[in-house]
>>> print(open('run_12.tsv').read())   # TSV, C-alpha atoms and all ligand atoms
chain	number	residue	atom	x	y	z
A	516	MET	CA	4.33	5.98	9.82
A	517	THR	CA	5.11	2.63	8.19
A	518	LEU	CA	5.28	2.95	4.40
A	519	PRO	CA	3.81	0.30	2.07
A	520	ALA	CA	6.48	-1.45	-0.01
A	521	HIS	CA	6.01	0.21	-3.42
A	522	GLU	CA	5.94	3.74	-1.98
A	523	ALA	CA	8.97	2.97	0.18
A	524	TYR	CA	11.13	1.65	-2.67
A	525	GLU	CA	10.29	4.59	-4.92
A	526	LEU	CA	11.57	6.84	-2.13
A	527	TRP	CA	14.54	4.63	-1.19
A	528	ALA	CA	15.87	4.12	-4.74
A	529	GLU	CA	17.93	7.32	-4.82
A	530	THR	CA	20.06	6.20	-1.86
A	531	TYR	CA	20.14	2.46	-2.71
A	532	PRO	CA	23.60	1.56	-4.07
A	533	PRO	CA	24.07	-1.55	-6.25
A	534	VAL	CA	26.25	-3.27	-3.64
A	535	ALA	CA	25.67	-4.79	-0.20
A	536	HIS	CA	25.44	-1.56	1.79
A	537	ASN	CA	24.59	-2.70	5.30
A	538	PRO	CA	25.64	-5.58	7.58
A	539	LEU	CA	22.49	-7.58	6.84
A	540	MET	CA	23.12	-7.47	3.09
A	541	ARG	CA	26.76	-8.41	3.61
A	542	VAL	CA	25.78	-11.44	5.72
A	543	GLU	CA	23.25	-12.43	3.06
A	544	GLN	CA	25.65	-12.00	0.14
A	545	GLU	CA	28.34	-14.04	1.89
A	546	VAL	CA	25.96	-16.98	1.68
A	547	VAL	CA	24.26	-16.32	-1.67
A	548	GLU	CA	27.39	-15.49	-3.66
A	549	PRO	CA	29.10	-18.90	-3.20
A	550	LEU	CA	25.82	-20.68	-3.99
A	551	LEU	CA	25.51	-18.78	-7.27
A	552	ALA	CA	29.21	-19.26	-8.04
A	553	HIS	CA	28.65	-23.05	-8.23
A	554	LEU	CA	25.80	-22.77	-10.74
A	555	ARG	CA	25.89	-22.65	-14.54
A	556	ALA	CA	23.02	-20.90	-16.33
A	557	THR	CA	22.06	-19.66	-19.77
A	558	CYS	CA	19.08	-17.44	-19.02
A	559	ALA	CA	18.76	-15.86	-15.56
A	560	LEU	CA	16.14	-13.72	-13.84
A	561	ASP	CA	16.72	-11.45	-10.86
A	562	VAL	CA	13.33	-10.92	-9.18
A	563	GLY	CA	13.10	-7.69	-7.16
A	564	THR	CA	16.41	-6.69	-8.70
A	565	GLY	CA	16.46	-3.24	-7.09
A	566	SER	CA	19.66	-1.46	-8.16
A	567	GLY	CA	21.02	-4.69	-9.70
A	568	ARG	CA	23.34	-5.93	-6.94
A	569	TYR	CA	23.13	-9.52	-8.16
A	570	VAL	CA	23.26	-8.90	-11.91
A	571	PRO	CA	27.08	-9.26	-12.24
A	572	LEU	CA	26.96	-12.47	-10.19
A	573	LEU	CA	24.26	-13.86	-12.46
A	574	TYR	CA	26.36	-13.09	-15.55
A	575	ALA	CA	29.26	-14.85	-13.81
A	576	THR	CA	27.26	-18.12	-14.02
A	577	GLY	CA	27.79	-17.99	-17.80
A	578	ALA	CA	24.27	-16.72	-18.51
A	579	SER	CA	24.05	-14.91	-21.85
A	580	THR	CA	20.77	-13.26	-20.82
A	581	VAL	CA	20.10	-11.71	-17.43
A	582	CYS	CA	16.81	-9.96	-16.80
A	583	GLY	CA	16.16	-7.79	-13.75
A	584	LEU	CA	12.51	-7.45	-12.78
A	585	ASP	CA	11.15	-4.94	-10.27
A	586	PHE	CA	7.87	-3.15	-9.63
A	587	SER	CA	9.63	0.11	-8.79
A	588	LEU	CA	10.53	2.25	-11.80
A	589	ALA	CA	12.80	4.36	-9.61
A	590	MET	CA	14.77	1.23	-8.65
A	591	LEU	CA	14.90	0.01	-12.26
A	592	LYS	CA	16.35	3.37	-13.34
A	593	ARG	CA	19.28	2.60	-11.05
A	594	GLY	CA	19.48	-0.99	-12.30
A	595	HIS	CA	22.46	-2.62	-13.94
A	596	PRO	CA	23.03	-1.20	-17.48
A	597	ARG	CA	23.99	-4.61	-18.89
A	598	SER	CA	20.83	-6.49	-17.90
A	599	GLY	CA	17.37	-6.39	-19.37
A	600	ARG	CA	15.14	-4.41	-17.03
A	601	VAL	CA	11.45	-5.19	-16.81
A	602	CYS	CA	8.83	-3.46	-14.68
A	603	GLY	CA	6.36	-5.98	-13.30
A	604	ASP	CA	4.90	-7.73	-10.29
A	605	ALA	CA	6.77	-10.75	-8.94
A	606	CYS	CA	3.45	-12.55	-8.37
A	607	ARG	CA	2.35	-12.07	-12.02
A	608	LEU	CA	5.55	-12.36	-14.02
A	609	PRO	CA	5.31	-11.16	-17.63
A	610	PHE	CA	7.14	-14.25	-18.95
A	611	ARG	CA	6.19	-17.54	-20.54
A	612	ARG	CA	6.39	-20.84	-18.65
A	613	GLY	CA	9.83	-22.51	-18.42
A	614	VAL	CA	12.04	-19.65	-19.67
A	615	PHE	CA	14.73	-19.26	-17.00
A	616	ASP	CA	17.19	-21.89	-15.80
A	617	LEU	CA	18.23	-19.70	-12.84
A	618	ILE	CA	16.26	-17.27	-10.69
A	619	ASN	CA	17.68	-15.14	-7.90
A	620	ALA	CA	15.44	-13.18	-5.53
A	621	SER	CA	17.31	-11.41	-2.76
A	622	LEU	CA	15.60	-9.90	0.26
A	623	MET	CA	12.36	-9.26	-1.61
A	624	VAL	CA	9.99	-12.06	-0.61
A	625	GLY	CA	9.39	-10.24	2.69
A	626	ASP	CA	7.50	-7.71	0.57
A	627	ILE	CA	5.12	-10.43	-0.61
A	628	ALA	CA	1.96	-11.18	1.37
A	629	ASP	CA	0.95	-14.30	-0.58
A	630	LEU	CA	3.98	-16.59	-0.37
A	631	GLY	CA	2.13	-19.44	-2.16
A	632	SER	CA	1.41	-17.32	-5.27
A	633	TRP	CA	4.96	-15.99	-5.37
A	634	THR	CA	6.48	-19.46	-5.12
A	635	ARG	CA	4.14	-20.89	-7.80
A	636	GLU	CA	5.11	-18.04	-10.10
A	637	MET	CA	8.85	-18.72	-9.61
A	638	ALA	CA	8.21	-22.40	-10.41
A	639	ARG	CA	6.13	-21.55	-13.49
A	640	VAL	CA	8.87	-19.56	-15.24
A	641	LEU	CA	11.68	-21.96	-14.27
A	642	THR	CA	12.81	-24.68	-16.68
A	643	ILE	CA	12.67	-28.28	-15.45
A	644	ARG	CA	15.73	-28.68	-13.17
A	645	GLY	CA	16.00	-24.88	-13.11
A	646	GLN	CA	17.34	-23.44	-9.86
A	647	LEU	CA	16.00	-20.76	-7.55
A	648	VAL	CA	18.18	-19.03	-4.95
A	649	TYR	CA	16.36	-16.61	-2.66
A	650	SER	CA	16.71	-14.95	0.71
A	651	ASP	CA	14.27	-13.59	3.26
A	652	PHE	CA	14.35	-11.83	6.59
A	653	HIS	CA	14.75	-14.54	9.20
A	654	PRO	CA	11.68	-15.35	11.35
A	655	SER	CA	13.81	-13.91	14.22
A	656	TRP	CA	12.65	-10.50	13.00
A	657	ALA	CA	8.98	-11.11	13.71
A	658	GLN	CA	9.70	-13.04	16.91
A	659	ARG	CA	11.67	-10.10	18.33
A	660	GLY	CA	9.55	-7.32	16.83
A	661	TRP	CA	12.34	-5.73	14.73
A	662	SER	CA	11.30	-3.17	12.15
A	663	ARG	CA	12.82	-2.33	8.77
A	664	THR	CA	14.03	1.24	8.35
A	665	PHE	CA	15.82	3.28	5.70
A	666	ARG	CA	17.02	6.84	5.21
A	667	SER	CA	15.84	8.76	2.13
A	668	ALA	CA	17.92	11.33	0.22
A	669	ASP	CA	16.55	14.21	2.35
A	670	GLY	CA	17.97	12.50	5.48
A	671	ALA	CA	14.57	11.42	6.87
A	672	MET	CA	14.21	7.96	8.45
A	673	HIS	CA	11.30	5.77	7.35
A	674	ASP	CA	9.77	2.50	8.50
A	675	LEU	CA	9.03	-0.04	5.78
A	676	SER	CA	6.35	-2.70	6.13
A	677	TYR	CA	7.15	-6.38	5.56
A	678	ASN	CA	5.42	-9.75	5.67
A	679	PRO	CA	7.07	-12.24	8.00
A	680	HIS	CA	7.23	-15.83	6.73
A	681	ALA	CA	7.95	-18.84	8.95
A	682	ILE	CA	10.43	-21.43	7.66
A	683	ASP	CA	7.61	-23.99	7.67
A	684	ASP	CA	5.54	-21.69	5.43
A	685	HIS	CA	8.43	-21.47	2.95
A	686	LEU	CA	8.83	-25.25	2.99
A	687	ALA	CA	5.10	-25.84	2.46
A	688	ALA	CA	4.94	-23.32	-0.43
A	689	LEU	CA	8.03	-24.84	-2.09
A	690	ALA	CA	6.71	-28.39	-1.82
A	691	ALA	CA	3.30	-27.34	-3.22
A	692	ALA	CA	5.02	-25.66	-6.20
A	693	GLY	CA	7.15	-28.74	-7.00
A	694	LEU	CA	10.42	-27.15	-5.86
A	695	ARG	CA	12.84	-29.41	-3.99
A	696	VAL	CA	15.11	-27.89	-1.33
A	697	ARG	CA	18.83	-28.40	-1.92
A	698	ALA	CA	20.12	-26.13	0.85
A	699	ILE	CA	18.92	-23.81	3.58
A	700	ARG	CA	21.28	-21.38	5.32
A	701	GLU	CA	20.50	-19.20	8.35
A	702	PRO	CA	23.50	-16.90	8.84
A	703	ARG	CA	24.22	-14.60	11.79
A	704	PHE	CA	26.45	-11.56	12.11
A	705	SER	CA	30.06	-12.54	12.57
A	706	SER	CA	31.82	-11.05	15.59
A	707	GLN	CA	35.18	-10.45	13.91
A	708	ARG	CA	33.94	-8.37	11.00
A	709	ASP	CA	30.48	-7.05	11.79
A	710	ASP	CA	31.22	-5.77	15.32
A	711	ALA	CA	33.21	-2.96	13.68
A	712	GLU	CA	29.91	-1.67	12.21
A	713	PRO	CA	28.13	0.97	14.25
A	714	GLY	CA	25.13	-0.70	15.83
A	715	VAL	CA	26.01	-4.35	15.27
A	716	LYS	CA	27.95	-4.81	18.51
A	717	ALA	CA	25.10	-3.24	20.48
A	718	PHE	CA	22.62	-5.36	18.53
A	719	ARG	CA	24.52	-8.54	19.40
A	720	ARG	CA	24.82	-7.52	23.04
A	721	ARG	CA	21.06	-6.96	23.25
A	722	TRP	CA	19.82	-9.88	21.16
A	723	GLY	CA	22.52	-12.49	21.62
A	724	ASN	CA	23.41	-13.02	17.96
A	725	PRO	CA	20.34	-14.65	16.43
A	726	GLN	CA	20.08	-15.73	12.78
A	727	VAL	CA	19.16	-12.66	10.71
A	728	VAL	CA	18.57	-14.02	7.21
A	729	VAL	CA	17.36	-17.28	5.68
A	730	VAL	CA	18.58	-18.39	2.25
A	731	PHE	CA	17.00	-21.17	0.17
A	732	HIS	CA	18.50	-22.97	-2.80
A	733	VAL	CA	15.83	-25.04	-4.54
A	734	VAL	CA	15.43	-26.91	-7.82
A	735	LYS	CA	12.35	-27.55	-9.97
A	736	GLU	CA	11.50	-31.25	-10.00
A	737	PRO	CA	11.07	-32.99	-13.40
B	801	LIG	C1	15.08	-4.97	-0.27
B	801	LIG	S1	15.07	-4.63	-1.99
B	801	LIG	C2	16.28	-5.81	-2.57
B	801	LIG	C3	16.91	-5.40	-3.89
B	801	LIG	C4	17.93	-6.39	-4.43
B	801	LIG	N1	17.34	-7.69	-4.65
B	801	LIG	C5	19.09	-6.52	-3.47
B	801	LIG	O1	19.09	-7.47	-2.67
B	801	LIG	O2	19.97	-5.66	-3.48
B	801	LIG	C6	13.56	-5.38	-2.55
B	801	LIG	C7	13.26	-5.07	-4.02
B	801	LIG	O3	12.15	-5.85	-4.42
B	801	LIG	C8	11.24	-5.04	-5.16
B	801	LIG	N2	9.89	-5.59	-5.00
B	801	LIG	C9	9.19	-5.72	-3.85
B	801	LIG	N3	7.99	-6.29	-4.08
B	801	LIG	C10	7.93	-6.54	-5.41
B	801	LIG	C11	6.95	-7.13	-6.25
B	801	LIG	N4	5.77	-7.57	-5.78
B	801	LIG	N5	7.21	-7.24	-7.56
B	801	LIG	C12	8.39	-6.80	-8.08
B	801	LIG	N6	9.36	-6.23	-7.33
B	801	LIG	C13	9.14	-6.10	-6.01
B	801	LIG	C14	11.42	-3.65	-4.57
B	801	LIG	O4	11.01	-2.62	-5.44
B	801	LIG	C15	12.91	-3.62	-4.27
B	801	LIG	O5	13.65	-3.12	-5.36
>>> encode(input="run_12.tsv", output="structure tokens", more="lines below")
Ligand SMILES: C[S@@+](CC[C@H](N)C(=O)[O-])C[C@H]1O[C@@H](n2cnc3c(N)ncnc32)[C@H](O)[C@@H]1O
Amino acid sequence: MTLPAHEAYELWAETYPPVAHNPLMRVEQEVVEPLLAHLRATCALDVGTGSGRYVPLLYATGASTVCGLDFSLAMLKRGHPRSGRVCGDACRLPFRRGVFDLINASLMVGDIADLGSWTREMARVLTIRGQLVYSDFHPSWAQRGWSRTFRSADGAMHDLSYNPHAIDDHLAALAAAGLRVRAIREPRFSSQRDDAEPGVKAFRRRWGNPQVVVVFHVVKEP
């Protein structure tokens, strides 16, 4: 049975460490981390923060305030102790307009059905010239029919639903929200490192090394 997102994350939280813990997350972080490392911020938001993987990297931008938002209380309990932790829905953020000069949202927009609402909400809480860095499952996933799975603390495997978004849909939503694209990255597994992981070599043999993640770096237009 495929679990809806909220139910799945409540169940997954117990076994969800605050570091990149699978090859997909490592590929994603290899791209996101250098993007964040070039940015300077004062007030940062991590949307869909989960167990707070990106909180230390957001503090490293110089931000004096970092807030992690998530709709799963179980995930927030595992969140980073240094950050503010707020329970809320990414499509109805409990913040005023123009509060954050940096937003990160890693591997969570695939949980959002209405990409337009989500993108408008990111733009609303960003300052003018504020920056948004976010990642999504690459459209390769939907094209090839891959599913998302995780193992809960009792050892059971579960399927997790997600909403595939085409790159064109991201671009249309960003343009409509007044967010200008500065960079798009579409990384793949790397043969030297990731082939050592159980499953990745077989994956690459079967699928021929497609892009697995898409990362956007965008800025709010004045
Ligand atoms: C795949 S996890 C990623 C966690 C973290 N960003 C990371 O990359 O390590 C997605 C997270 O987004 C949260 N999430 C999904 N949909 C959400 C929504 N509509 N509002 C707030 N949080 C949401 C989930 O609870 C989960 O913690």
>>> residues_around(input="run_12.tsv", residues="segment 563-573 of chain A", least_positions_apart="5", cutoff="9 Å", atoms="only C-alpha atoms", output="number ranges by chain")
A: 524, 528, 531-535, 548, 551-552, 556, 578, 581-587, 589-598, 600, 604-605, 617-624
>>> closest_residue(input="run_12.tsv", among="A:Leu675, A:Leu550, A:Ala559, A:Cys606", to="ligand LIG 801 (chain B)", atoms="all atoms listed in the file")
A:Cys606
>>> closest_residue(input="run_12.tsv", among="A:Val601, A:Leu554, A:Leu689, A:Ala668", to="ligand LIG 801 (chain B)", atoms="all atoms listed in the file")
A:Val601
>>> residues_around(input="run_12.tsv", residues="Leu641 of chain A", least_positions_apart="3", cutoff="7 Å", atoms="all atoms listed in the file", output="CSV table (one decimal) with C-alpha atoms, in the coordinates of the input")
chain,number,residue,atom,x,y,z
A,612,ARG,CA,6.4,-20.8,-18.6
A,613,GLY,CA,9.8,-22.5,-18.4
A,614,VAL,CA,12.0,-19.6,-19.7
A,615,PHE,CA,14.7,-19.3,-17.0
A,616,ASP,CA,17.2,-21.9,-15.8
A,637,MET,CA,8.8,-18.7,-9.6
A,638,ALA,CA,8.2,-22.4,-10.4
A,645,GLY,CA,16.0,-24.9,-13.1
>>> closest_residue(input="run_12.tsv", among="A:Glu522, A:Glu701, A:Asp626, A:Glu529", to="ligand LIG 801 (chain B)", atoms="all atoms listed in the file")
A:Asp626
>>> atom_distance(input="run_12.tsv", atom1="atom CA of Ala711 of chain A", atom2="atom CA of Arg666 of chain A")
20.7 Å
>>> closest_residue(input="run_12.tsv", among="A:Thr517, A:Arg703, A:His732, A:Phe665", to="His536 of chain A", atoms="all atoms listed in the file")
A:Phe665
>>> residues_around(input="run_12.tsv", residues="His653 of chain A", least_positions_apart="6", cutoff="10 Å", atoms="only C-alpha atoms", output="ChimeraX atom specification")
/A:625,679-682,701-703,725-730
>>> write_last_selection(input="run_12.tsv", atoms="C-alpha atoms", output="compact mmCIF listing (two decimals), in the coordinates of the input")
# COMPACT_ATOMS: atom_id res chain seq x y z
CA GLY A 625 9.39 -10.24 2.69
CA PRO A 679 7.07 -12.24 8.00
CA HIS A 680 7.23 -15.83 6.73
CA ALA A 681 7.95 -18.84 8.95
CA ILE A 682 10.43 -21.43 7.66
CA GLU A 701 20.50 -19.20 8.35
CA PRO A 702 23.50 -16.90 8.84
CA ARG A 703 24.22 -14.60 11.79
CA PRO A 725 20.34 -14.65 16.43
CA GLN A 726 20.08 -15.73 12.78
CA VAL A 727 19.16 -12.66 10.71
CA VAL A 728 18.57 -14.02 7.21
CA VAL A 729 17.36 -17.28 5.68
CA VAL A 730 18.58 -18.39 2.25
>>> closest_residue(input="run_12.tsv", among="A:Val734, A:Leu560, A:Val715, A:Ile627", to="ligand LIG 801 (chain B)", atoms="all atoms listed in the file")
A:Ile627
>>> atom_distance(input="run_12.tsv", atom1="atom CA of His521 of chain A", atom2="atom C13 of ligand LIG 801 (chain B)")
7.5 Å
>>> closest_residue(input="run_12.tsv", among="A:Gln707, A:Leu526, A:Thr642, A:Phe718", to="Trp661 of chain A", atoms="all atoms listed in the file")
A:Phe718
>>> residues_around(input="run_12.tsv", residues="Leu694 of chain A", least_positions_apart="5", cutoff="12 Å", atoms="all atoms listed in the file", output="ChimeraX atom specification")
/A:631,634-639,641-648,685-689,731-737
>>> atom_distance(input="run_12.tsv", atom1="atom CA of Gln658 of chain A", atom2="atom CA of Ser676 of chain A")
15.3 Å
